[in-house]
Structures are given as C-alpha cells and as structure tokens.
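Source file: run.pdb; contents: PDB, C-alpha atoms and all ligand atoms.
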ATOM      1  CA  MET M   1       0.000   0.000   0.000
ATOM      2  CA  SER M   2       2.687   2.509   0.987
ATOM      3  CA  ILE M   3       4.835   1.248  -1.859
ATOM      4  CA  ASP M   4       1.907   2.016  -4.182
ATOM      5  CA  HIS M   5       1.865   5.523  -2.746
ATOM      6  CA  LEU M   6       5.596   5.876  -3.431
ATOM      7  CA  ARG M   7       5.132   4.494  -6.947
ATOM      8  CA  ASN M   8       2.376   7.048  -7.629
ATOM      9  CA  LEU M   9       4.408   9.954  -6.283
ATOM     10  CA  LEU M  10       7.358   8.927  -8.451
ATOM     11  CA  ALA M  11       5.137   8.529 -11.505
ATOM     12  CA  GLY M  12       3.759  12.024 -10.968
ATOM     13  CA  ALA M  13       7.197  13.645 -10.665
ATOM     14  CA  LYS M  14       8.815  15.490 -13.561
ATOM     15  CA  ARG M  15      12.101  16.473 -11.957
ATOM     16  CA  ALA M  16      12.641  14.546  -8.753
ATOM     17  CA  VAL M  17      15.860  14.661  -6.773
ATOM     18  CA  VAL M  18      17.141  11.719  -4.740
ATOM     19  CA  PHE M  19      19.196  12.460  -1.650
ATOM     20  CA  THR M  20      21.113   9.495  -0.262
ATOM     21  CA  GLY M  21      23.052   8.732   2.901
ATOM     22  CA  ALA M  22      25.074   5.808   4.125
ATOM     23  CA  GLY M  23      21.902   3.687   4.508
ATOM     24  CA  ILE M  24      21.630   3.165   0.741
ATOM     25  CA  SER M  25      24.966   1.325   0.785
ATOM     26  CA  THR M  26      24.584  -0.958   3.832
ATOM     27  CA  GLU M  27      22.999  -3.638   1.607
ATOM     28  CA  SER M  28      26.229  -3.509  -0.418
ATOM     29  CA  GLY M  29      28.140  -4.432   2.757
ATOM     30  CA  ILE M  30      29.382  -0.939   3.696
ATOM     31  CA  PRO M  31      28.482  -0.110   7.297
ATOM     32  CA  ASP M  32      26.794   3.241   7.970
ATOM     33  CA  PHE M  33      27.802   5.596  10.764
ATOM     34  CA  ARG M  34      24.938   5.727  13.157
ATOM     35  CA  SER M  35      23.033   2.443  13.053
ATOM     36  CA  PRO M  36      23.037   0.926  16.535
ATOM     37  CA  GLY M  37      25.623  -1.871  16.832
ATOM     38  CA  SER M  38      26.962  -1.946  13.276
ATOM     39  CA  GLY M  39      27.634   1.774  12.686
ATOM     40  CA  LEU M  40      31.273   2.732  12.051
ATOM     41  CA  TRP M  41      31.282   5.102  14.992
ATOM     42  CA  THR M  42      30.962   2.228  17.380
ATOM     43  CA  LYS M  43      34.459   1.263  16.127
ATOM     44  CA  TYR M  44      36.223   4.469  15.094
ATOM     45  CA  LYS M  45      36.063   8.008  16.412
ATOM     46  CA  PRO M  46      36.043  10.415  13.454
ATOM     47  CA  ILE M  47      39.298  12.247  12.688
ATOM     48  CA  TYR M  48      38.655  15.980  12.479
ATOM     49  CA  PHE M  49      40.184  17.976   9.656
ATOM     50  CA  ASP M  50      42.322  20.123  11.991
ATOM     51  CA  ASP M  51      43.774  17.009  13.603
ATOM     52  CA  PHE M  52      44.661  15.604  10.182
ATOM     53  CA  VAL M  53      46.421  18.830   9.220
ATOM     54  CA  ASN M  54      48.191  19.368  12.545
ATOM     55  CA  SER M  55      49.332  15.878  13.408
ATOM     56  CA  GLU M  56      51.455  13.395  11.511
ATOM     57  CA  ASP M  57      50.147  10.662  13.798
ATOM     58  CA  MET M  58      46.587  11.498  12.818
ATOM     59  CA  ARG M  59      47.472  11.535   9.122
ATOM     60  CA  ARG M  60      48.995   8.079   9.537
ATOM     61  CA  GLU M  61      45.928   6.880  11.447
ATOM     62  CA  SER M  62      43.686   8.250   8.717
ATOM     63  CA  TRP M  63      45.586   6.392   5.952
ATOM     64  CA  ARG M  64      45.696   3.236   8.117
ATOM     65  CA  ARG M  65      41.892   3.311   8.374
ATOM     66  CA  LYS M  66      41.533   3.999   4.680
ATOM     67  CA  PHE M  67      43.557   0.919   3.778
ATOM     68  CA  ALA M  68      41.928  -1.211   6.496
ATOM     69  CA  MET M  69      38.468  -0.381   5.064
ATOM     70  CA  GLU M  70      39.542  -0.722   1.460
ATOM     71  CA  GLY M  71      38.658  -4.386   1.063
ATOM     72  CA  VAL M  72      35.059  -3.642   2.030
ATOM     73  CA  LEU M  73      34.762  -0.596  -0.223
ATOM     74  CA  GLU M  74      36.501  -2.070  -3.242
ATOM     75  CA  SER M  75      34.462  -5.259  -3.278
ATOM     76  CA  ALA M  76      31.170  -3.384  -2.792
ATOM     77  CA  ARG M  77      28.779  -3.443  -5.736
ATOM     78  CA  PRO M  78      25.607  -1.404  -6.269
ATOM     79  CA  ASN M  79      22.562  -3.035  -4.666
ATOM     80  CA  ARG M  80      18.869  -3.006  -5.625
ATOM     81  CA  GLY M  81      18.434   0.451  -4.107
ATOM     82  CA  HIS M  82      21.204   1.979  -6.221
ATOM     83  CA  LEU M  83      19.890   0.180  -9.309
ATOM     84  CA  ALA M  84      16.334   1.427  -8.728
ATOM     85  CA  ILE M  85      17.598   5.011  -8.454
ATOM     86  CA  ALA M  86      19.672   4.591 -11.622
ATOM     87  CA  GLN M  87      16.539   3.339 -13.377
ATOM     88  CA  LEU M  88      14.621   6.478 -12.322
ATOM     89  CA  VAL M  89      17.454   8.630 -13.683
ATOM     90  CA  ARG M  90      17.395   6.686 -16.971
ATOM     91  CA  ARG M  91      13.633   7.185 -17.254
ATOM     92  CA  GLY M  92      14.212  10.936 -16.952
ATOM     93  CA  LEU M  93      12.191  11.247 -13.713
ATOM     94  CA  VAL M  94      15.181  12.137 -11.540
ATOM     95  CA  SER M  95      17.404  15.073 -12.447
ATOM     96  CA  HIS M  96      20.104  14.619  -9.802
ATOM     97  CA  VAL M  97      21.305  12.226  -7.138
ATOM     98  CA  ILE M  98      22.789  14.162  -4.240
ATOM     99  CA  THR M  99      24.797  11.907  -1.967
ATOM    100  CA  GLN M 100      26.685  12.081   1.285
ATOM    101  CA  ASN M 101      28.398   8.836   0.363
ATOM    102  CA  ILE M 102      31.979   8.563  -0.746
ATOM    103  CA  ASP M 103      31.765   5.056  -2.211
ATOM    104  CA  ASN M 104      31.153   5.800  -5.920
ATOM    105  CA  LEU M 105      28.270   3.284  -6.022
ATOM    106  CA  HIS M 106      25.777   5.637  -7.715
ATOM    107  CA  GLN M 107      28.218   6.112 -10.583
ATOM    108  CA  ASP M 108      28.910   2.355 -10.608
ATOM    109  CA  SER M 109      25.152   1.700 -10.905
ATOM    110  CA  GLY M 110      24.997   3.740 -14.108
ATOM    111  CA  VAL M 111      24.068   7.264 -13.001
ATOM    112  CA  PRO M 112      26.109   9.610 -15.217
ATOM    113  CA  ASP M 113      28.865  11.516 -13.348
ATOM    114  CA  GLU M 114      27.291  14.879 -14.116
ATOM    115  CA  GLN M 115      24.040  13.862 -12.405
ATOM    116  CA  VAL M 116      25.723  12.785  -9.150
ATOM    117  CA  ILE M 117      26.495  15.533  -6.643
ATOM    118  CA  GLU M 118      28.945  14.336  -3.985
ATOM    119  CA  LEU M 119      28.692  16.498  -0.881
ATOM    120  CA  HIS M 120      31.350  14.623   1.055
ATOM    121  CA  GLY M 121      33.706  13.880  -1.798
ATOM    122  CA  ASN M 122      34.985  10.531  -2.988
ATOM    123  CA  ASN M 123      37.236   8.025  -1.292
ATOM    124  CA  SER M 124      38.516   6.358  -4.456
ATOM    125  CA  TYR M 125      41.173   8.998  -5.192
ATOM    126  CA  ALA M 126      43.120  11.699  -3.311
ATOM    127  CA  ARG M 127      43.957  15.390  -3.643
ATOM    128  CA  CYS M 128      46.630  17.777  -2.432
ATOM    129  CA  LEU M 129      45.193  20.045   0.249
ATOM    130  CA  GLY M 130      47.344  22.909  -1.081
ATOM    131  CA  CYS M 131      47.019  22.959  -4.880
ATOM    132  CA  HIS M 132      44.184  20.380  -5.310
ATOM    133  CA  GLU M 133      46.231  18.208  -7.683
ATOM    134  CA  ARG M 134      44.556  14.811  -8.072
ATOM    135  CA  TYR M 135      46.453  11.663  -6.993
ATOM    136  CA  GLU M 136      45.525   8.018  -7.540
ATOM    137  CA  ILE M 137      45.519   5.707  -4.534
ATOM    138  CA  ASP M 138      47.666   2.833  -5.858
ATOM    139  CA  PRO M 139      51.122   4.471  -5.504
ATOM    140  CA  ILE M 140      50.120   5.979  -2.149
ATOM    141  CA  ARG M 141      49.130   2.520  -0.909
ATOM    142  CA  VAL M 142      52.395   0.913  -2.010
ATOM    143  CA  ALA M 143      54.522   3.487  -0.143
ATOM    144  CA  PHE M 144      52.289   3.590   2.928
ATOM    145  CA  LEU M 145      52.026  -0.161   3.366
ATOM    146  CA  ARG M 146      55.808  -0.460   2.979
ATOM    147  CA  ASP M 147      56.823   1.861   5.836
ATOM    148  CA  GLU M 148      53.876   4.214   6.518
ATOM    149  CA  THR M 149      55.344   6.933   4.306
ATOM    150  CA  LEU M 150      52.890   9.826   4.155
ATOM    151  CA  PRO M 151      52.125  11.103   0.649
ATOM    152  CA  VAL M 152      53.376  14.600  -0.228
ATOM    153  CA  CYS M 153      52.417  16.627  -3.307
ATOM    154  CA  ASP M 154      55.170  16.652  -5.909
ATOM    155  CA  GLN M 155      53.832  19.943  -7.317
ATOM    156  CA  CYS M 156      53.690  22.093  -4.176
ATOM    157  CA  GLY M 157      54.862  19.953  -1.244
ATOM    158  CA  GLY M 158      51.358  20.012   0.281
ATOM    159  CA  MET M 159      49.663  17.255   2.268
ATOM    160  CA  ILE M 160      47.677  14.693   0.327
ATOM    161  CA  LYS M 161      44.362  13.445   1.677
ATOM    162  CA  THR M 162      41.623  11.232   0.245
ATOM    163  CA  ALA M 163      39.229  13.438  -1.736
ATOM    164  CA  THR M 164      36.654  13.247   1.049
ATOM    165  CA  ILE M 165      35.284  15.979   3.304
ATOM    166  CA  SER M 166      36.167  15.369   6.949
ATOM    167  CA  PHE M 167      34.426  16.668  10.018
ATOM    168  CA  GLY M 168      35.484  20.261  10.543
ATOM    169  CA  GLN M 169      36.416  20.721   6.876
ATOM    170  CA  GLY M 170      34.528  23.271   4.793
ATOM    171  CA  MET M 171      31.826  21.937   2.504
ATOM    172  CA  PRO M 172      32.719  22.043  -1.203
ATOM    173  CA  GLU M 173      31.199  25.289  -2.532
ATOM    174  CA  HIS M 174      30.527  24.172  -6.078
ATOM    175  CA  GLU M 175      28.760  20.960  -5.020
ATOM    176  CA  MET M 176      26.766  22.774  -2.341
ATOM    177  CA  ARG M 177      25.560  25.324  -4.878
ATOM    178  CA  ARG M 178      24.608  22.624  -7.378
ATOM    179  CA  ALA M 179      22.785  20.652  -4.677
ATOM    180  CA  GLN M 180      20.794  23.682  -3.562
ATOM    181  CA  GLU M 181      19.845  24.538  -7.125
ATOM    182  CA  ALA M 182      18.712  20.965  -7.743
ATOM    183  CA  VAL M 183      16.641  20.846  -4.550
ATOM    184  CA  LEU M 184      15.038  24.215  -5.272
ATOM    185  CA  ALA M 185      14.123  23.073  -8.781
ATOM    186  CA  CYS M 186      12.696  19.670  -7.818
ATOM    187  CA  ASP M 187       9.044  18.704  -7.515
ATOM    188  CA  LEU M 188       9.803  15.649  -5.339
ATOM    189  CA  LEU M 189      12.656  15.044  -2.913
ATOM    190  CA  LEU M 190      13.236  11.388  -2.106
ATOM    191  CA  VAL M 191      15.491  10.918   0.925
ATOM    192  CA  ALA M 192      16.979   7.424   1.046
ATOM    193  CA  GLY M 193      19.031   6.129   3.981
ATOM    194  CA  SER M 194      20.075   9.209   5.900
ATOM    195  CA  SER M 195      19.566   9.912   9.575
ATOM    196  CA  LEU M 196      19.233  13.591   8.531
ATOM    197  CA  VAL M 197      21.046  14.831  11.616
ATOM    198  CA  VAL M 198      24.013  16.543   9.928
ATOM    199  CA  PHE M 199      23.758  19.740   7.924
ATOM    200  CA  PRO M 200      23.388  20.302   5.028
ATOM    201  CA  ALA M 201      21.469  17.008   4.829
ATOM    202  CA  ALA M 202      19.144  18.138   7.563
ATOM    203  CA  GLY M 203      18.312  21.330   5.648
ATOM    204  CA  PHE M 204      17.321  19.919   2.257
ATOM    205  CA  PRO M 205      13.885  18.544   3.228
ATOM    206  CA  ALA M 206      12.670  21.938   4.485
ATOM    207  CA  MET M 207      14.166  23.686   1.463
ATOM    208  CA  ALA M 208      12.250  21.365  -0.863
ATOM    209  CA  LYS M 209       8.971  21.647   1.059
ATOM    210  CA  GLN M 210       9.109  25.450   1.232
ATOM    211  CA  ASN M 211       9.412  25.441  -2.521
ATOM    212  CA  GLY M 212       6.290  23.313  -2.960
ATOM    213  CA  ALA M 213       7.960  19.954  -3.608
ATOM    214  CA  LYS M 214       6.696  16.706  -2.142
ATOM    215  CA  LEU M 215       8.951  14.968   0.382
ATOM    216  CA  VAL M 216       9.391  11.213   0.796
ATOM    217  CA  ILE M 217      11.690   9.671   3.414
ATOM    218  CA  VAL M 218      12.653   6.005   3.157
ATOM    219  CA  ASN M 219      14.784   4.969   6.132
ATOM    220  CA  ARG M 220      14.953   1.941   8.407
ATOM    221  CA  GLU M 221      14.605   4.112  11.503
ATOM    222  CA  PRO M 222      12.446   7.194  12.043
ATOM    223  CA  THR M 223      14.125  10.600  11.618
ATOM    224  CA  ASP M 224      13.410  13.923  13.324
ATOM    225  CA  LEU M 225      12.085  15.300  10.038
ATOM    226  CA  ASP M 226       9.443  12.625   9.427
ATOM    227  CA  ASP M 227       6.599  15.014  10.415
ATOM    228  CA  MET M 228       7.482  17.209   7.466
ATOM    229  CA  ALA M 229       7.186  14.412   4.920
ATOM    230  CA  ASP M 230       4.272  13.531   2.622
ATOM    231  CA  LEU M 231       5.249   9.881   2.913
ATOM    232  CA  VAL M 232       7.548   8.041   5.336
ATOM    233  CA  LEU M 233       8.501   4.414   4.801
ATOM    234  CA  ASN M 234      10.472   2.820   7.626
ATOM    235  CA  ALA M 235      11.751  -0.071   5.580
ATOM    236  CA  GLU M 236      14.795  -1.616   3.883
ATOM    237  CA  LEU M 237      15.815   0.416   0.864
ATOM    238  CA  GLY M 238      16.683  -2.262  -1.682
ATOM    239  CA  PRO M 239      13.355  -4.148  -1.564
ATOM    240  CA  THR M 240      11.323  -0.945  -1.170
ATOM    241  CA  LEU M 241      12.827   1.068  -4.013
ATOM    242  CA  GLY M 242      13.160  -2.045  -6.166
ATOM    243  CA  ALA M 243       9.420  -2.746  -5.808
ATOM    244  CA  ALA M 244       8.428   0.892  -6.302
ATOM    245  CA  VAL M 245      10.403   1.116  -9.525
ATOM    246  CA  GLY M 246       9.401  -2.357 -10.740
ATOM    247  CA  LEU M 247      12.880  -3.879 -10.916
ATOM    248  CA  ASN M 248      12.848  -7.597 -11.672
TER     249      ASN M 248
HETATM  250  P1  LIG N 301      23.855   7.686   9.053
HETATM  251  O1  LIG N 301      24.711   6.516   9.420
HETATM  252  O2  LIG N 301      23.775   8.822   9.989
HETATM  253  O3  LIG N 301      22.357   7.190   8.809
HETATM  254  C1  LIG N 301      22.087   6.105   7.975
HETATM  255  C2  LIG N 301      20.612   5.801   8.130
HETATM  256  O4  LIG N 301      20.289   4.787   7.196
HETATM  257  C3  LIG N 301      20.228   5.295   9.507
HETATM  258  O5  LIG N 301      19.187   6.107  10.029
HETATM  259  C4  LIG N 301      19.731   3.849   9.271
HETATM  260  O6  LIG N 301      18.551   3.552   9.981
HETATM  261  C5  LIG N 301      19.416   3.859   7.797
HETATM  262  N1  LIG N 301      19.689   2.590   7.127
HETATM  263  C6  LIG N 301      20.821   1.833   7.193
HETATM  264  N2  LIG N 301      20.708   0.775   6.361
HETATM  265  C7  LIG N 301      19.484   0.867   5.778
HETATM  266  C8  LIG N 301      18.786   0.069   4.839
HETATM  267  N3  LIG N 301      19.325  -1.038   4.317
HETATM  268  N4  LIG N 301      17.538   0.452   4.458
HETATM  269  C9  LIG N 301      16.973   1.575   4.980
HETATM  270  N5  LIG N 301      17.593   2.371   5.863
HETATM  271  C10 LIG N 301      18.822   2.016   6.261
HETATM  272  O7  LIG N 301      24.267   8.121   7.604
HETATM  273  P2  LIG N 301      24.333   9.548   6.962
HETATM  274  O8  LIG N 301      23.114  10.343   7.322
HETATM  275  O9  LIG N 301      24.627   9.347   5.532
HETATM  276  O10 LIG N 301      25.607  10.193   7.650
HETATM  277  C11 LIG N 301      26.843   9.469   7.673
HETATM  278  C12 LIG N 301      28.015  10.171   7.008
HETATM  279  O11 LIG N 301      29.127   9.272   6.973
HETATM  280  C13 LIG N 301      27.758  10.474   5.584
HETATM  281  O12 LIG N 301      27.664  11.834   5.506
HETATM  282  C14 LIG N 301      28.939   9.939   4.780
HETATM  283  O13 LIG N 301      29.789  10.975   4.383
HETATM  284  C15 LIG N 301      29.715   9.101   5.708
HETATM  285  N6  LIG N 301      29.657   7.656   5.374
HETATM  286  C16 LIG N 301      29.637   7.242   4.061
HETATM  287  C17 LIG N 301      29.522   5.875   3.757
HETATM  288  C18 LIG N 301      29.495   5.441   2.305
HETATM  289  O14 LIG N 301      30.070   6.109   1.457
HETATM  290  N7  LIG N 301      28.787   4.346   1.988
HETATM  291  C19 LIG N 301      29.430   4.937   4.795
HETATM  292  C20 LIG N 301      29.494   5.396   6.131
HETATM  293  C21 LIG N 301      29.589   6.757   6.396
END

As structure tokens, what does this structure read like?
Amino acid sequence: MSIDHLRNLLAGAKRAVVFTGAGISTESGIPDFRSPGSGLWTKYKPIYFDDFVNSEDMRRESWRRKFAMEGVLESARPNRGHLAIAQLVRRGLVSHVITQNIDNLHQDSGVPDEQVIELHGNNSYARCLGCHERYEIDPIRVAFLRDETLPVCDQCGGMIKTATISFGQGMPEHEMRRAQEAVLACDLLLVAGSSLVVFPAAGFPAMAKQNGAKLVIVNREPTDLDDMADLVLNAELGPTLGAAVGLN
C-alpha cells in the first residue's frame, strides 16, 4: 500500500531529486555511521580535519583506516536500491542524485557523473590540500604499506588526503551550490538512507517543502524530520525502491 503511494508519487514527478546517505549502501556491505551496533562510529572516532592537518600521527591513522576499510569498499557493488535510483534517472524522472556517500556506487550503478552531486567527496582517489592536484591511490598505498610513508604533493609539497570531506572541513562550494539549485528546482525530494542529523542534509527537506515539492523519506529508523514528509517508509531500501520502480 505505501509502496503504491511511493510508486504514484514517483510517476507524478517530472524532476525529482534523490538524496542518499550511508543507509543506501549498507545492503552492499558498507556499514553506515549511526546504526546501533553496526555503525562505524561504534568502532572508530572520526578524525577531524584540523587534527589531520596538525598531526602526523593522525594523518597516519587516517591512511591506516583507509587501507583497512579498502577491502570492504573495493568489493562493494551497487545493490537493488542503487539500481532502482539509476533506473529512475534513466527514465528521466530524476534530475540529480545528491549523496553524502563517498563510495562511488551511484556512478557504478549507471548514473552519469554529471548527475551525481557528492557532498562529502569521494574516497577512491586523493587530492593535495594545497594545490588540489589529483592523486591516484595505488602508488600511495604501495609506499604507505611499505613503511607508513605519508604522501606529499610533488607539485607544491602540500599534504595529500583522500578526496573526502572530513568533520570540521569546509563543505565544497561548487557541489553545495549545485545541490541547492537541484533541490530548489525539484518537484519531489526522495530521501533514502540518511539519519538527517548533519547539515546540510538536515536542511534539504525543508528547502524542498518550502518550494512546494513533495517529500518522501525512506529509512529503516524514524528521523526527526518525518513530520514534514508527505510519505515516510520505515523499511529496507533495496526491496522498497526495487518494488516501487518495478525492478525484476
Ligand atoms: P547515518 O549513518 O547517519 O544514517 C544512515 C541511516 O540509514 C540510519 O538512520 C539507518 O537507519 C538507515 N539505514 C541503514 N541501512 C538501511 C537500509 N538497508 N535500508 C533503509 N535504511 C537504512 O548516515 P548519513 O546520514 O549518511 O551520515 C553518515 C556520514 O558518513 C555520511 O555523511 C557519509 O559521508 C559518511 N559515510 C559514508 C559511507 C558510504 O560512502 N557508503 C558509509 C558510512 C559513512
């Protein structure tokens, strides 16, 4: 019944936007942050940007975690939820997928790069914090796993960090602007797998509603913004979105 409601809302949309959090990728085997028990924060305290910049130990710890998690991230494949979203993009119903995830799985599921807006960057490559030169991970891994050598930019001598946004680091201006434009232009915002506690995530639902868009939240657990939504489904994303989109 509720899936029918979701199906009807999607069918009536002309330029929907999907906003995803870590919950869309748990069915691909990547743990989220805040789920009780399995969330990454039960294992690791986040490394703040200032600590990364100011401490060699923290930079080493950050690269250690990156390589410890790599097996999980590299073997992860898009699940039914990602595939359903990609199908909506292909049908022309969804203009953009805004994601907090850094796992590249929306692109891997077939959403064109230019329709994915990554608010927290991407973990599959690195950049110099000084001059923003891009670096691939493979050579960094070889040197780090040999003797924990920290990568240094060969253009400007700056520190190299995965191309992700850490806590305490400024949000990427270009992506933020694109995300806001997409949300303001949408007629339906579908939130999929975010606890909606961190800004800017927490701000998008109100932005969409104030502009007359419908709001749907699909999340295993309730969120503080559920009252604002036209439809809330507390359910698993893969089966729910798969059924709503009619994936085989
Ligand atoms: P979060 O951990 O705060 O919330 C995830 C939500 O998804 C939870 O409320 C949980 O109930 C729900 N959920 C988990 N699995 C689900 C499923 N199969 N079906 C339906 N709901 C499900 O995540 P967040 O709001 O995205 O914030 C975490 C931040 O951590 C992100 O901003 C991201 O940058 C980073 N992160 C990224 C990844 C990734 O790239 N896959 C993974 C972990 C953390």

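Using all atoms listed in the file, the smallest distance between any of M:Ala182, M:Val17, M:Val232, M:Ala208 and ligand LIG 301 (chain N) comes from M:Val232.
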
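With all atoms listed in the file taken into account, the protein and nucleic acid residues at most 12 Å from Thr26 of chain M (excluding it and anything under 6 positions from it in its own chain) are Thr20, Asp32, Phe33, Arg34, Ser35, Ser38, Gly39, Leu40, Val72, Leu73, Ala76, Arg77, Pro78, Asn79, Arg80, Gly81, His82, Asn101, Asp103, Leu105, Ala192, Gly193, Ser194, Asn219, Arg220, Glu236, Leu237 and Gly238 of chain M.
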
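Every protein, DNA or RNA residue with an atom at most 12 Å from Pro172 of chain M, where only C-alpha atoms count and chain neighbours fewer than 5 positions away do not, is listed here: Gln100, Ile117, Glu118, Leu119, His120, Gly121, Asn122, Ala163, Thr164, Ile165, Ser166, Arg177, Arg178, Ala179 and Pro200 of chain M.
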
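Using all atoms listed in the file, the smallest distance between any of M:Leu6, M:Met171, M:Ala86, M:Ala213 and ligand LIG 301 (chain N) comes from M:Met171.
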
Expected axis-aligned box over every listed atom of ligand LIG 301 (chain N), 4 Å added per side, centre plus edges in Å to one decimal, as AutoDock Vina command-line options:
--center_x 23.5 --center_y 5.4 --center_z 5.7 --size_x 21.1 --size_y 20.9 --size_z 16.6

One residue among M:Cys186, M:Arg64, M:His106, M:Glu114 is nearest to Thr149 of chain M when using only C-alpha atoms, and that residue is M:Arg64

Option closest in space to Ala84 of chain M, from M:Ile47, M:Ala235, M:Ile24, M:Ile102 [counting all atoms listed in the file]
M:Ile24

Expected answer as a PyMOL selection string: all residues with atoms within 10 Å of (22.1, 7.4, -12.8), all atoms listed in the file
chain M and resi 82-92+94-97+106-116

Kindly give the distance, in Å, that separates atom CA of Asp50 of chain M and atom O10 of ligand LIG 301 (chain N), rounded to a single decimal.
19.9 Å

Nearest to ligand LIG 301 (chain N): which of M:Ile30, M:Leu145, M:Leu150, M:Leu9 is it, counting only C-alpha atoms and all ligand atoms?
M:Ile30

Polymer residues at most 12 Å from (9.3, 11.5, 4.9) by only C-alpha atoms, as a ChimeraX atom specification:
/M:2,6,19,188-196,204-206,208-209,214-235

Distance in Å - atom CA of Ile3 of chain M versus atom N5 of ligand LIG 301 (chain N)
15.0 Å

If we count only C-alpha atoms and set the cut-off at 12 Å, which residues sit around Asp51 of chain M, ignoring sequence neighbours fewer than 6 positions away in its own chain? Please answer as a list in words.
Asp57, Met58, Arg59, Arg60, Glu61, Ser62, Ser166, Phe167, Gly168 and Gln169 of chain M

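Atom CA of Ser75 of chain M is found 8.9 Å from atom CA of Ser28 of chain M.
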
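Across M:Ala22, M:Met207, M:Ile137, M:Glu27, the tightest approach to Gln180 of chain M is made by M:Met207 when counting all atoms listed in the file.
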
Which polymer residues have any atom within 8 Å of an atom of Cys131 of chain M, counting only C-alpha atoms, with same-chain residues fewer than 5 positions away left out, as an mmCIF file with C-alpha atoms, in the coordinates of the input?
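The new file selection_38.cif reads:
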data_model
loop_
_atom_site.group_PDB
_atom_site.id
_atom_site.type_symbol
_atom_site.label_atom_id
_atom_site.label_comp_id
_atom_site.auth_asym_id
_atom_site.auth_seq_id
_atom_site.Cartn_x
_atom_site.Cartn_y
_atom_site.Cartn_z
ATOM 1 C CA GLN M 155 53.832 19.943 -7.317
ATOM 2 C CA CYS M 156 53.690 22.093 -4.176
ATOM 3 C CA GLY M 158 51.358 20.012 0.281
#
